[in-house]
$ cat my_file_39.cif   # mmCIF, C-alpha atoms
data_protein
#
loop_
_atom_site.label_atom_id
_atom_site.label_comp_id
_atom_site.auth_asym_id
_atom_site.auth_seq_id
_atom_site.Cartn_x
_atom_site.Cartn_y
_atom_site.Cartn_z
CA MET A 1 0.00 0.00 0.00
CA ARG A 2 2.94 2.36 0.59
CA LEU A 3 3.82 2.54 -3.11
CA LYS A 4 0.22 2.96 -4.10
CA ARG A 5 -0.30 5.91 -1.73
CA ALA A 6 2.95 7.45 -2.92
CA HIS A 7 1.85 6.94 -6.50
CA ILE A 8 -1.44 8.74 -5.92
CA ALA A 9 0.39 11.65 -4.35
CA LEU A 10 2.77 11.82 -7.27
CA ILE A 11 -0.05 11.91 -9.79
CA ILE A 12 -1.45 14.94 -8.02
CA ALA A 13 1.88 16.69 -7.47
CA LEU A 14 3.87 15.83 -10.57
CA ALA A 15 1.60 14.57 -13.33
CA ALA A 16 4.65 13.74 -15.49
CA VAL A 17 8.39 14.02 -15.80
CA SER A 18 10.02 14.57 -19.15
CA CYS A 19 13.57 14.98 -20.32
CA ARG A 20 13.32 18.32 -22.09
CA GLY A 21 12.56 21.95 -21.59
CA ASP A 22 13.04 24.72 -19.08
CA ASP A 23 10.34 23.34 -16.80
CA ILE A 24 9.37 19.67 -16.70
CA TYR A 25 5.71 20.60 -16.19
CA ASP A 26 5.39 22.88 -19.21
CA ILE A 27 7.59 21.69 -22.03
CA SER A 28 8.02 22.92 -25.58
CA GLY A 29 7.01 20.07 -27.85
CA TYR A 30 4.94 18.33 -25.19
CA VAL A 31 1.34 18.33 -24.12
CA ASN A 32 1.38 20.22 -20.84
CA PRO A 33 0.81 17.45 -18.29
CA SER A 34 -1.10 19.87 -16.06
CA THR A 35 -3.76 20.04 -18.77
CA PRO A 36 -4.13 16.40 -19.84
CA SER A 37 -4.60 15.57 -23.49
CA VAL A 38 -8.07 14.06 -23.77
CA PRO A 39 -9.03 11.99 -26.82
CA GLU A 40 -11.55 13.74 -29.05
CA GLU A 41 -14.10 10.98 -28.50
CA ASN A 42 -13.95 11.60 -24.75
CA LYS A 43 -14.45 15.37 -24.92
CA PRO A 44 -17.92 16.74 -24.10
CA ASP A 45 -19.90 18.33 -26.92
CA ASP A 46 -20.15 22.11 -26.83
CA GLY A 47 -23.10 23.12 -24.71
CA ASP A 48 -23.69 19.56 -23.50
CA SER A 49 -21.14 19.17 -20.75
CA LYS A 50 -23.60 19.54 -17.86
CA PRO A 51 -26.27 16.97 -16.99
CA ASP A 52 -29.85 18.22 -17.11
CA ASP A 53 -31.09 16.45 -14.01
CA GLY A 54 -28.00 15.62 -11.99
CA ASP A 55 -28.46 11.92 -12.72
CA ASN A 56 -26.97 11.68 -16.18
CA ASN A 57 -24.94 8.57 -15.49
CA GLY A 58 -28.00 6.38 -15.17
CA ASP A 59 -27.06 4.87 -11.81
CA GLY A 60 -29.83 6.68 -9.95
CA ASN A 61 -27.53 8.17 -7.34
CA GLY A 62 -27.85 11.74 -8.58
CA SER A 63 -24.08 12.29 -8.55
CA GLY A 64 -24.05 13.77 -12.06
CA GLU A 65 -20.73 12.07 -12.84
CA VAL A 66 -20.40 10.40 -16.23
CA GLU A 67 -18.25 7.29 -16.30
CA THR A 68 -16.16 7.22 -19.47
CA PRO A 69 -15.38 3.62 -20.41
CA ASN A 70 -11.67 2.82 -20.29
CA PRO A 71 -10.76 1.18 -23.60
CA PHE A 72 -7.92 -0.66 -21.84
CA ASP A 73 -10.07 -2.36 -19.19
CA GLY A 74 -9.07 -6.02 -19.12
CA TRP A 75 -5.67 -5.41 -20.73
CA PRO A 76 -2.50 -6.48 -18.87
CA SER A 77 -1.54 -3.64 -16.58
CA VAL A 78 0.71 -2.35 -13.81
CA ASP A 79 -0.16 0.71 -11.78
CA THR A 80 2.99 2.85 -11.64
CA GLY A 81 1.64 6.13 -12.98
CA LEU A 82 3.51 5.74 -16.29
CA PRO A 83 1.80 5.43 -19.66
CA ARG A 84 1.56 1.89 -20.98
CA LEU A 85 2.73 0.88 -24.46
CA TYR A 86 1.38 -2.39 -25.87
CA ILE A 87 3.16 -4.02 -28.81
CA ASP A 88 1.79 -7.21 -30.33
CA THR A 89 3.79 -8.81 -33.11
CA GLU A 90 2.17 -10.69 -35.96
CA ASN A 91 1.48 -14.27 -34.84
CA ALA A 92 3.40 -13.42 -31.63
CA ARG A 93 6.69 -13.65 -33.52
CA THR A 94 9.86 -13.18 -31.50
CA ILE A 95 11.93 -10.08 -32.25
CA ASN A 96 15.36 -11.62 -32.68
CA SER A 97 17.05 -9.48 -35.32
CA LYS A 98 18.46 -5.98 -35.60
CA THR A 99 17.95 -5.98 -39.37
CA THR A 100 14.72 -7.87 -40.02
CA TYR A 101 11.50 -6.09 -39.10
CA VAL A 102 8.47 -7.89 -37.67
CA ASN A 103 4.94 -6.64 -38.37
CA ALA A 104 3.17 -5.47 -35.24
CA THR A 105 0.28 -3.46 -33.82
CA PHE A 106 0.84 -0.68 -31.31
CA SER A 107 -1.52 0.61 -28.63
CA LEU A 108 -0.91 3.31 -26.07
CA ASP A 109 -2.71 3.89 -22.78
CA GLY A 110 -2.05 7.51 -21.88
CA VAL A 111 -3.36 6.93 -18.32
CA GLY A 112 -5.55 10.03 -18.54
CA ARG A 113 -2.74 12.45 -19.36
CA TRP A 114 -1.98 11.71 -23.00
CA THR A 115 -4.07 10.65 -25.95
CA ASN A 116 -4.83 6.93 -26.21
CA PHE A 117 -4.68 4.94 -29.40
CA ILE A 118 -5.36 1.30 -30.19
CA GLY A 119 -4.21 -0.92 -33.02
CA ARG A 120 -1.87 1.30 -35.02
CA THR A 121 0.16 -0.82 -37.42
CA GLY A 122 3.88 -0.79 -38.04
CA GLN A 123 7.09 -2.79 -37.84
CA ILE A 124 9.61 -3.43 -35.07
CA ARG A 125 13.15 -4.78 -34.86
CA GLY A 126 15.99 -4.95 -32.37
CA ARG A 127 18.68 -2.27 -32.10
CA GLY A 128 21.87 -1.43 -30.22
CA ASN A 129 25.38 -2.81 -30.11
CA THR A 130 26.38 -4.20 -26.71
CA THR A 131 22.89 -3.51 -25.37
CA TRP A 132 21.37 -5.96 -27.86
CA SER A 133 23.37 -8.77 -26.22
CA TRP A 134 21.80 -8.15 -22.82
CA PRO A 135 18.60 -9.87 -21.56
CA LYS A 136 16.43 -6.74 -21.66
CA LYS A 137 16.38 -5.81 -25.34
CA PRO A 138 16.15 -2.32 -26.89
CA TYR A 139 13.96 -1.82 -29.96
CA HIS A 140 13.36 0.44 -32.92
CA PHE A 141 9.89 0.68 -34.45
CA ASN A 142 8.25 2.44 -37.36
CA LEU A 143 4.56 3.25 -37.47
CA ASP A 144 2.82 3.01 -40.84
CA GLU A 145 1.39 6.48 -40.20
CA LYS A 146 3.08 9.13 -38.11
CA ALA A 147 1.69 9.92 -34.68
CA PRO A 148 2.49 12.38 -31.84
CA LEU A 149 3.25 9.83 -29.13
CA LEU A 150 2.83 11.14 -25.58
CA GLY A 151 2.74 14.70 -26.81
CA MET A 152 6.01 14.49 -28.73
CA GLU A 153 6.25 15.72 -32.30
CA SER A 154 4.36 13.55 -34.78
CA ASN A 155 6.62 11.02 -36.50
CA ARG A 156 6.81 7.43 -37.67
CA HIS A 157 10.21 6.53 -36.25
CA TRP A 158 10.75 5.74 -32.56
CA VAL A 159 13.20 3.99 -30.25
CA LEU A 160 12.64 2.07 -27.01
CA LEU A 161 15.74 2.21 -24.82
CA ALA A 162 15.90 -0.62 -22.30
CA ASN A 163 18.25 1.09 -19.81
CA PHE A 164 19.10 -2.42 -18.62
CA MET A 165 22.36 -1.45 -16.87
CA ASP A 166 20.94 1.66 -15.20
CA PRO A 167 19.14 1.01 -11.88
CA THR A 168 18.09 4.69 -11.77
CA LEU A 169 16.41 4.43 -15.20
CA MET A 170 17.24 8.09 -15.71
CA ARG A 171 20.76 8.59 -17.05
CA ASN A 172 19.46 9.20 -20.58
CA ILE A 173 16.63 11.36 -19.24
CA VAL A 174 19.02 13.59 -17.30
CA ALA A 175 21.36 13.86 -20.29
CA MET A 176 18.56 14.99 -22.59
CA LYS A 177 17.45 17.47 -19.94
CA VAL A 178 20.96 18.94 -19.78
CA SER A 179 21.15 19.05 -23.58
CA SER A 180 17.86 20.93 -23.73
CA LEU A 181 19.35 23.70 -21.59
CA THR A 182 21.91 24.49 -24.27
CA SER A 183 21.73 26.02 -27.74
CA LEU A 184 22.03 22.69 -29.54
CA GLU A 185 19.62 22.71 -32.47
CA TRP A 186 17.68 19.57 -31.49
CA THR A 187 17.47 17.34 -28.44
CA PRO A 188 15.49 14.08 -28.63
CA SER A 189 12.30 14.19 -26.57
CA CYS A 190 11.51 11.18 -24.42
CA GLN A 191 9.01 9.74 -21.96
CA SER A 192 9.20 6.72 -19.67
CA VAL A 193 6.66 3.95 -20.35
CA GLU A 194 5.68 0.51 -19.15
CA LEU A 195 6.17 -1.87 -22.09
CA PHE A 196 3.96 -4.88 -22.73
CA LEU A 197 5.21 -7.12 -25.55
CA ASN A 198 2.77 -9.79 -26.73
CA GLY A 199 0.89 -9.46 -23.45
CA VAL A 200 3.98 -9.82 -21.23
CA HIS A 201 5.17 -6.92 -19.09
CA LYS A 202 8.79 -6.12 -19.99
CA GLY A 203 9.32 -3.34 -17.46
CA ASN A 204 10.32 0.30 -17.72
CA TYR A 205 11.47 1.56 -21.13
CA LEU A 206 12.35 5.00 -22.41
CA LEU A 207 10.35 5.95 -25.48
CA ILE A 208 12.56 8.43 -27.32
CA GLU A 209 12.69 10.17 -30.67
CA LYS A 210 15.06 8.45 -33.10
CA VAL A 211 18.04 10.42 -34.38
CA ARG A 212 17.29 10.96 -38.04
CA VAL A 213 16.86 13.75 -40.55
CA GLY A 214 13.43 15.39 -40.58
CA LYS A 215 11.66 18.67 -39.93
CA SER A 216 11.02 17.79 -36.27
CA ARG A 217 14.34 16.00 -35.79
CA VAL A 218 17.72 16.91 -37.36
CA ASN A 219 16.33 19.65 -39.57
CA ILE A 220 18.58 19.79 -42.62
CA SER A 221 17.73 19.73 -46.30
CA GLU A 222 18.07 16.74 -48.62
CA ASP A 223 21.46 18.17 -49.62
CA GLY A 224 22.73 18.06 -46.04
CA TYR A 225 24.65 15.40 -44.11
CA LEU A 226 24.24 13.60 -40.79
CA LEU A 227 27.46 12.02 -39.54
CA GLU A 228 28.13 9.57 -36.72
CA LEU A 229 31.45 9.01 -34.99
CA ASP A 230 31.41 5.51 -33.52
CA PHE A 231 34.21 3.12 -32.56
CA HIS A 232 32.05 0.11 -33.45
CA TYR A 233 32.81 0.97 -37.07
CA ASP A 234 29.81 -0.93 -38.41
CA ASN A 235 28.26 1.53 -40.87
CA PRO A 236 28.20 1.07 -44.67
CA ASN A 237 29.84 4.40 -45.57
CA GLN A 238 32.65 4.96 -43.10
CA TRP A 239 36.29 5.98 -42.92
CA LYS A 240 38.89 7.20 -40.47
CA ASP A 241 40.54 10.59 -40.43
CA HIS A 242 43.37 11.17 -37.95
CA ASN A 243 42.24 7.84 -36.47
CA ILE A 244 38.74 9.24 -35.74
CA PRO A 245 35.93 7.07 -37.18
CA PHE A 246 33.36 8.91 -39.31
CA ALA A 247 30.25 7.48 -40.96
CA VAL A 248 27.49 8.97 -43.10
CA LYS A 249 24.03 8.32 -41.62
CA TYR A 250 22.28 10.65 -44.07
CA PRO A 251 21.94 10.45 -47.03
CA ASP A 252 20.97 6.81 -46.61
CA PRO A 253 23.45 4.22 -47.94
CA GLU A 254 21.21 3.38 -50.89
CA ASP A 255 20.73 7.05 -51.77
CA ILE A 256 24.13 8.69 -51.38
CA THR A 257 26.02 9.31 -54.61
CA PRO A 258 29.78 8.85 -55.08
CA SER A 259 30.18 12.61 -55.50
CA GLN A 260 28.31 13.29 -52.21
CA LEU A 261 30.45 10.79 -50.32
CA SER A 262 33.60 12.23 -51.86
CA TYR A 263 32.55 15.77 -50.90
CA ILE A 264 31.86 15.07 -47.24
CA LYS A 265 35.02 12.98 -46.84
CA GLY A 266 36.97 15.85 -48.37
CA TYR A 267 35.31 18.37 -46.06
CA ILE A 268 36.17 16.32 -42.97
CA GLN A 269 39.72 15.89 -44.20
CA ASP A 270 40.12 19.63 -44.77
CA ALA A 271 38.66 20.39 -41.34
CA SER A 272 40.91 17.84 -39.63
CA ASN A 273 44.03 18.97 -41.44
CA THR A 274 43.27 22.53 -40.43
CA ILE A 275 42.54 21.64 -36.80
CA TYR A 276 45.79 19.70 -36.50
CA GLY A 277 47.72 22.21 -38.58
CA SER A 278 49.99 24.99 -37.44
CA SER A 279 47.50 27.77 -38.27
CA PHE A 280 44.49 26.07 -36.68
CA ASP A 281 43.61 29.16 -34.66
CA ASP A 282 43.64 31.60 -37.57
CA PRO A 283 40.49 33.76 -37.11
CA GLU A 284 39.44 33.32 -40.74
CA GLU A 285 41.16 30.29 -42.25
CA GLY A 286 41.49 28.18 -39.11
CA TYR A 287 38.97 25.80 -37.52
CA VAL A 288 36.32 28.53 -37.42
CA LYS A 289 36.02 28.15 -41.19
CA TYR A 290 34.79 24.58 -40.80
CA ILE A 291 32.90 24.16 -37.52
CA ASP A 292 30.08 25.95 -35.74
CA VAL A 293 31.98 26.86 -32.59
CA ASP A 294 28.95 27.53 -30.36
CA SER A 295 27.50 24.07 -30.98
CA PHE A 296 30.85 22.36 -30.40
CA ILE A 297 31.19 24.18 -27.08
CA ASP A 298 27.69 23.25 -25.87
CA TYR A 299 28.09 19.66 -27.06
CA TRP A 300 31.29 19.31 -25.03
CA ILE A 301 29.61 20.76 -21.94
CA VAL A 302 26.78 18.21 -22.07
CA TYR A 303 29.21 15.29 -22.35
CA GLU A 304 31.48 16.69 -19.66
CA VAL A 305 28.88 17.41 -16.98
CA MET A 306 27.48 13.92 -17.55
CA THR A 307 31.01 12.37 -17.31
CA ASN A 308 30.36 10.63 -20.64
CA HIS A 309 33.78 9.51 -21.88
CA GLU A 310 32.35 8.38 -25.23
CA LEU A 311 32.95 11.80 -26.74
CA GLY A 312 36.59 10.78 -26.81
CA ASN A 313 36.09 7.10 -27.54
CA PRO A 314 33.98 8.08 -29.61
CA GLY A 315 30.59 6.34 -29.62
CA SER A 316 27.19 7.60 -30.78
CA VAL A 317 28.67 11.07 -31.38
CA PHE A 318 26.78 13.02 -34.04
CA PHE A 319 27.60 15.99 -36.27
CA HIS A 320 25.49 17.43 -39.06
CA LYS A 321 26.06 19.81 -41.92
CA GLU A 322 23.74 21.80 -44.14
CA LYS A 323 24.66 22.44 -47.75
CA GLY A 324 26.98 25.43 -47.81
CA GLY A 325 27.16 25.50 -44.03
CA LYS A 326 29.65 24.57 -41.35
CA LEU A 327 29.82 21.35 -39.38
CA VAL A 328 27.43 21.51 -36.40
CA ALA A 329 27.77 19.34 -33.30
CA GLY A 330 24.77 17.29 -32.15
CA PRO A 331 22.41 15.79 -31.35
CA CYS A 332 23.21 14.03 -28.06
CA TRP A 333 22.49 10.31 -27.85
CA ASP A 334 23.22 7.19 -25.80
CA PHE A 335 24.11 8.24 -22.26
CA ASP A 336 24.21 5.04 -20.20
CA TRP A 337 27.65 3.38 -20.23
CA GLY A 338 30.07 5.27 -17.95
CA VAL A 339 27.68 8.18 -17.37
CA LEU A 340 27.39 9.89 -13.97
CA THR A 341 29.98 7.57 -12.49
CA PHE A 342 33.70 7.68 -11.78
CA ASN A 343 34.09 3.94 -12.41
CA THR A 344 35.14 4.46 -16.03
CA ASN A 345 37.02 7.75 -15.79
CA ASN A 346 39.09 10.03 -13.58
CA GLY A 347 36.30 12.60 -13.36
CA LYS A 348 36.51 12.86 -9.59
CA TYR A 349 39.73 14.84 -10.03
CA ALA A 350 40.02 15.81 -13.70
CA LEU A 351 38.10 16.63 -16.86
CA VAL A 352 36.74 13.55 -18.60
CA ASN A 353 36.80 14.93 -22.16
CA GLY A 354 39.59 17.48 -21.96
CA ASN A 355 41.39 15.82 -24.87
CA ALA A 356 38.47 14.20 -26.69
CA ILE A 357 38.78 13.99 -30.50
CA TRP A 358 39.21 17.48 -32.01
CA TYR A 359 38.87 19.16 -28.60
CA SER A 360 42.47 18.27 -27.76
CA ARG A 361 43.44 20.87 -30.36
CA LEU A 362 40.55 23.30 -30.06
CA ARG A 363 41.27 23.85 -26.38
CA LYS A 364 44.83 24.92 -27.21
CA ASP A 365 43.36 28.09 -28.72
CA PRO A 366 43.06 30.60 -25.84
CA LEU A 367 40.01 32.14 -27.51
CA PHE A 368 38.19 28.78 -27.71
CA GLU A 369 39.09 27.99 -24.10
CA SER A 370 37.88 31.41 -22.97
CA ARG A 371 34.57 30.96 -24.80
CA LEU A 372 34.19 27.48 -23.33
CA LYS A 373 34.72 28.75 -19.79
CA SER A 374 32.36 31.70 -20.29
CA ARG A 375 29.64 29.47 -21.71
CA PHE A 376 29.96 27.00 -18.84
CA GLU A 377 29.63 29.84 -16.34
CA GLU A 378 26.60 31.14 -18.23
CA LEU A 379 24.90 27.74 -18.06
CA LEU A 380 25.96 27.01 -14.49
CA PRO A 381 22.87 28.44 -12.73
CA GLU A 382 20.65 26.06 -14.72
CA LEU A 383 23.09 23.17 -14.42
CA GLU A 384 23.01 23.57 -10.65
CA LYS A 385 19.27 22.84 -10.73
CA ILE A 386 19.75 19.38 -12.23
CA PRO A 387 19.95 17.63 -8.82
CA GLU A 388 16.42 18.92 -8.13
CA PHE A 389 15.35 17.50 -11.48
CA ILE A 390 16.93 14.17 -10.51
CA ASP A 391 14.96 14.14 -7.25
CA ARG A 392 11.66 14.86 -9.01
CA THR A 393 12.39 12.24 -11.63
CA ALA A 394 13.18 9.72 -8.90
CA ASP A 395 9.84 10.39 -7.23
CA TYR A 396 8.08 9.84 -10.54
CA LEU A 397 9.94 6.64 -11.45
CA GLU A 398 10.20 4.94 -8.05
CA ALA A 399 7.14 2.70 -8.36
CA SER A 400 8.14 1.66 -11.87
CA ALA A 401 11.74 1.05 -10.83
CA ALA A 402 10.63 -1.27 -8.03
CA ILE A 403 8.75 -3.51 -10.46
CA ASN A 404 11.45 -3.27 -13.12
CA ARG A 405 14.03 -4.51 -10.60
CA THR A 406 12.01 -7.69 -10.02
CA LEU A 407 12.19 -8.37 -13.77
CA TRP A 408 15.81 -7.45 -14.56
CA ASP A 409 19.12 -7.45 -12.71
CA PRO A 410 21.31 -4.54 -13.93
CA SER A 411 24.46 -6.31 -12.73
CA GLY A 412 24.04 -8.61 -15.70
CA ASP A 413 26.00 -6.00 -17.65
CA LYS A 414 29.18 -7.55 -16.25
CA ILE A 415 29.12 -10.12 -19.07
CA SER A 416 30.31 -7.27 -21.31
CA ASN A 417 33.00 -5.99 -18.95
CA GLY A 418 35.21 -8.91 -17.98
CA GLY A 419 32.93 -10.00 -15.16
CA ASN A 420 32.81 -6.56 -13.51
CA ILE A 421 29.79 -4.27 -13.32
CA ILE A 422 30.24 -1.14 -15.41
CA ASN A 423 28.83 1.93 -13.70
CA GLY A 424 29.28 0.70 -10.14
CA ASP A 425 25.70 1.21 -8.92
CA GLU A 426 24.09 -1.84 -10.52
CA ASN A 427 23.75 -3.65 -7.16
CA LEU A 428 22.48 -0.63 -5.23
CA SER A 429 18.86 0.06 -4.35
CA PHE A 430 17.01 2.57 -6.49
CA ARG A 431 17.34 5.42 -3.99
CA ALA A 432 20.98 4.65 -3.23
CA ALA A 433 21.77 4.62 -6.95
CA VAL A 434 19.93 7.92 -7.42
CA ASP A 435 21.89 9.49 -4.56
CA ARG A 436 25.11 8.22 -6.14
CA ILE A 437 24.51 9.77 -9.57
CA LYS A 438 23.47 13.02 -7.93
CA SER A 439 26.61 13.10 -5.82
CA THR A 440 28.75 12.29 -8.87
CA TYR A 441 27.11 15.09 -10.82
CA LEU A 442 27.73 17.68 -8.10
CA THR A 443 31.31 16.55 -7.52
CA HIS A 444 32.19 16.74 -11.19
CA LEU A 445 30.45 20.08 -11.65
CA GLU A 446 32.90 21.48 -9.10
CA VAL A 447 35.80 19.81 -10.91
CA ILE A 448 34.79 21.50 -14.17
CA ARG A 449 34.52 24.83 -12.39
CA GLN A 450 38.08 24.43 -11.10
CA LYS A 451 39.68 23.03 -14.26
CA LEU A 452 38.32 25.40 -16.90
#
$ encode --input "my_file_39.cif" --output "structure tokens"
Amino acid sequence: MRLKRAHIALIIALAAVSCRGDDIYDISGYVNPSTPSVPEENKPDDGDSKPDDGDNNGDGNGSGEVETPNPFDGWPSVDTGLPRLYIDTENARTINSKTTYVNATFSLDGVGRWTNFIGRTGQIRGRGNTTWSWPKKPYHFNLDEKAPLLGMESNRHWVLLANFMDPTLMRNIVAMKVSSLTSLEWTPSCQSVELFLNGVHKGNYLLIEKVRVGKSRVNISEDGYLLELDFHYDNPNQWKDHNIPFAVKYPDPEDITPSQLSYIKGYIQDASNTIYGSSFDDPEEGYVKYIDVDSFIDYWIVYEVMTNHELGNPGSVFFHKEKGGKLVAGPCWDFDWGVLTFNTNNGKYALVNGNAIWYSRLRKDPLFESRLKSRFEELLPELEKIPEFIDRTADYLEASAAINRTLWDPSGDKISNGGNIINGDENLSFRAAVDRIKSTYLTHLEVIRQKL
């Protein structure tokens, strides 16, 4: 009963927690959770919202309350306060491939705060690199027709992050929140859900916008480029420049022309040669000719405050470029492994990404370093509010986390790390793990303040 009472209080006090915006209760790109999105079929007709005789519900008690049937009555359910996503594959087929899609239907119970839908069609497959090898699988799905899931921008393409290794279930949420505080052009929106796959509860998942080119995502023209830097080196169009792996994510492999591939490889080579050259800090012909400095500064700050070493590894690092424009850093993606922990870095005493990829050279320019320090100080008042955001998110996720922990053991990530857990909090309770990431965040924020 304790969790249930806490859950009721949270519904009244919080309504929802999201990973974007200046205020988690009124978020650009979201339905304001304080004014729930009600399906059109459940809205009263104009002029007919009041009962004539105070007994409009037909039960004879004169209460005047109209019971709206819940379309999800009888469906599998858990009561955690989170929306529930139901995915049923065709003939209950197992999703066992990252390349082969399975037909499926998708239904969403918005639990009174977001619009419901039932029986949308689409396709689903597995996704991820190391995460695909773990018991709790991440997924990518496409709807046949775009939809604004949980108040997010309407689209067909979505990702379900399993967050298997993260007992707090919020590392990615906090990272996207931090990213949204900056000037980066686009930060993926996300919402936590309870996932039911073929009638079986799979626990807490993060429904998040997929990184791809589109008007409501990475907004570049068909002549632009989306690049990924990833050490897995498993993309069709990829190469290394100064030992940094680059890959073209857009245009798609089947669409990119030889001349387009040649152009972007040449642009990266010119930028790299300049950055590592003797005149890299020239105010006109140096690195400023090739990169959007403001975005590269904000991108570094997000990775650094989150202690994400994969900016230097690099993994799931994205740049994009418009035709005729400079290279722009972003969006942020994949903040679970080695995030908000000192297990995988020396962030308790030093910068984590001080020498990451091109930044090892950029920071040798006194002007770049000065701008980086000034921007960090400008963002610091908002960054100092993140621990409060972590606390509110913990309150919202606690009931879900308790059930998720009975389904999955985060310490199972040790199979990918020589028998050792990765982040160091996998065996902690939910609240202890939350306190640990909050303490890590505050400690490293002070380190950044001292080292810049």
$ resolve_selection --input "my_file_39.cif" --expression "the PyMOL selection byres ((chain A and resi 289) around 10)" --output "PyMOL selection string"
chain A and resi 271+274+280+282-288+290-293+325-327
$ resolve_selection --input "my_file_39.cif" --expression "the PyMOL selection byres ((chain A and resi 394) around 12)" --output "JSON, numbers by chain"
{"A": [7, 10, 14, 16, 17, 18, 167, 168, 169, 170, 171, 173, 174, 192, 387, 388, 389, 390, 391, 392, 393, 395, 396, 397, 398, 399, 400, 401, 402, 430, 431, 432, 433, 434, 435, 437, 438]}
$ residues_near_point --input "my_file_39.cif" --point "(-5.1, -6.8, -18.9)" --cutoff "12 Å" --atoms "only C-alpha atoms" --output "list of chain:residue names"
A:Asn70, A:Pro71, A:Phe72, A:Asp73, A:Gly74, A:Trp75, A:Pro76, A:Ser77, A:Val78, A:Asp79, A:Arg84, A:Tyr86, A:Asp109, A:Phe196, A:Asn198, A:Gly199, A:Val200, A:His201
$ closest_residue --input "my_file_39.cif" --among "A:Tyr250, A:Tyr299, A:Phe117, A:Trp358" --to "Leu181 in chain A" --atoms "only C-alpha atoms"
A:Tyr299
$ atom_distance --input "my_file_39.cif" --atom1 "CA of Gly112 in chain A" --atom2 "CA of Val193 in chain A"
13.8 Å
$ closest_residue --input "my_file_39.cif" --among "A:Asp166, A:Ile268, A:Glu304, A:Asp298" --to "Gly424 in chain A" --atoms "only C-alpha atoms"
A:Asp166
$ atom_distance --input "my_file_39.cif" --atom1 "CA of Gly330 in chain A" --atom2 "CA of Glu228 in chain A"
9.6 Å
$ closest_atom_pairs --input "my_file_39.cif" --of "range 244-345 of chain A" --to "range 409-417 of chain A" --cutoff "12 Å" --atoms "only C-alpha atoms" --output "CSV"
residue,atom,partner,partner_atom,distance
A:Asp336,CA,A:Asp413,CA,11.5
A:Trp337,CA,A:Asp413,CA,9.9
A:Gly338,CA,A:Asn417,CA,11.7
A:Asn343,CA,A:Asn417,CA,11.9
A:Thr344,CA,A:Asn417,CA,11.1
$ atom_distance --input "my_file_39.cif" --atom1 "CA of His242 in chain A" --atom2 "CA of Phe319 in chain A"
16.6 Å
$ build_atoms --input "my_file_39.cif" --residues "range 296-307 of chain A" --atoms "N, CA and C atoms" --output "tab-separated table (two decimals), in the frame of the given file"
chain	number	residue	atom	x	y	z
A	296	PHE	N	29.79	23.24	-30.90
A	296	PHE	CA	30.85	22.36	-30.40
A	296	PHE	C	31.13	22.63	-28.92
A	297	ILE	N	31.00	23.85	-28.49
A	297	ILE	CA	31.19	24.18	-27.08
A	297	ILE	C	30.06	23.58	-26.24
A	298	ASP	N	28.83	23.78	-26.65
A	298	ASP	CA	27.69	23.25	-25.87
A	298	ASP	C	27.67	21.73	-25.86
A	299	TYR	N	28.04	21.12	-26.98
A	299	TYR	CA	28.09	19.66	-27.06
A	299	TYR	C	29.10	19.12	-26.05
A	300	TRP	N	30.26	19.75	-25.98
A	300	TRP	CA	31.29	19.31	-25.03
A	300	TRP	C	30.78	19.45	-23.60
A	301	ILE	N	30.10	20.53	-23.30
A	301	ILE	CA	29.61	20.76	-21.94
A	301	ILE	C	28.63	19.67	-21.52
A	302	VAL	N	27.73	19.27	-22.41
A	302	VAL	CA	26.78	18.21	-22.07
A	302	VAL	C	27.52	16.92	-21.73
A	303	TYR	N	28.45	16.51	-22.60
A	303	TYR	CA	29.21	15.29	-22.35
A	303	TYR	C	30.02	15.38	-21.06
A	304	GLU	N	30.60	16.55	-20.82
A	304	GLU	CA	31.48	16.69	-19.66
A	304	GLU	C	30.70	16.66	-18.35
A	305	VAL	N	29.61	17.40	-18.25
A	305	VAL	CA	28.88	17.41	-16.98
A	305	VAL	C	28.27	16.05	-16.69
A	306	MET	N	28.03	15.26	-17.75
A	306	MET	CA	27.48	13.92	-17.55
A	306	MET	C	28.56	12.86	-17.38
A	307	THR	N	29.84	13.26	-17.37
A	307	THR	CA	31.01	12.37	-17.31
A	307	THR	C	30.96	11.28	-18.37
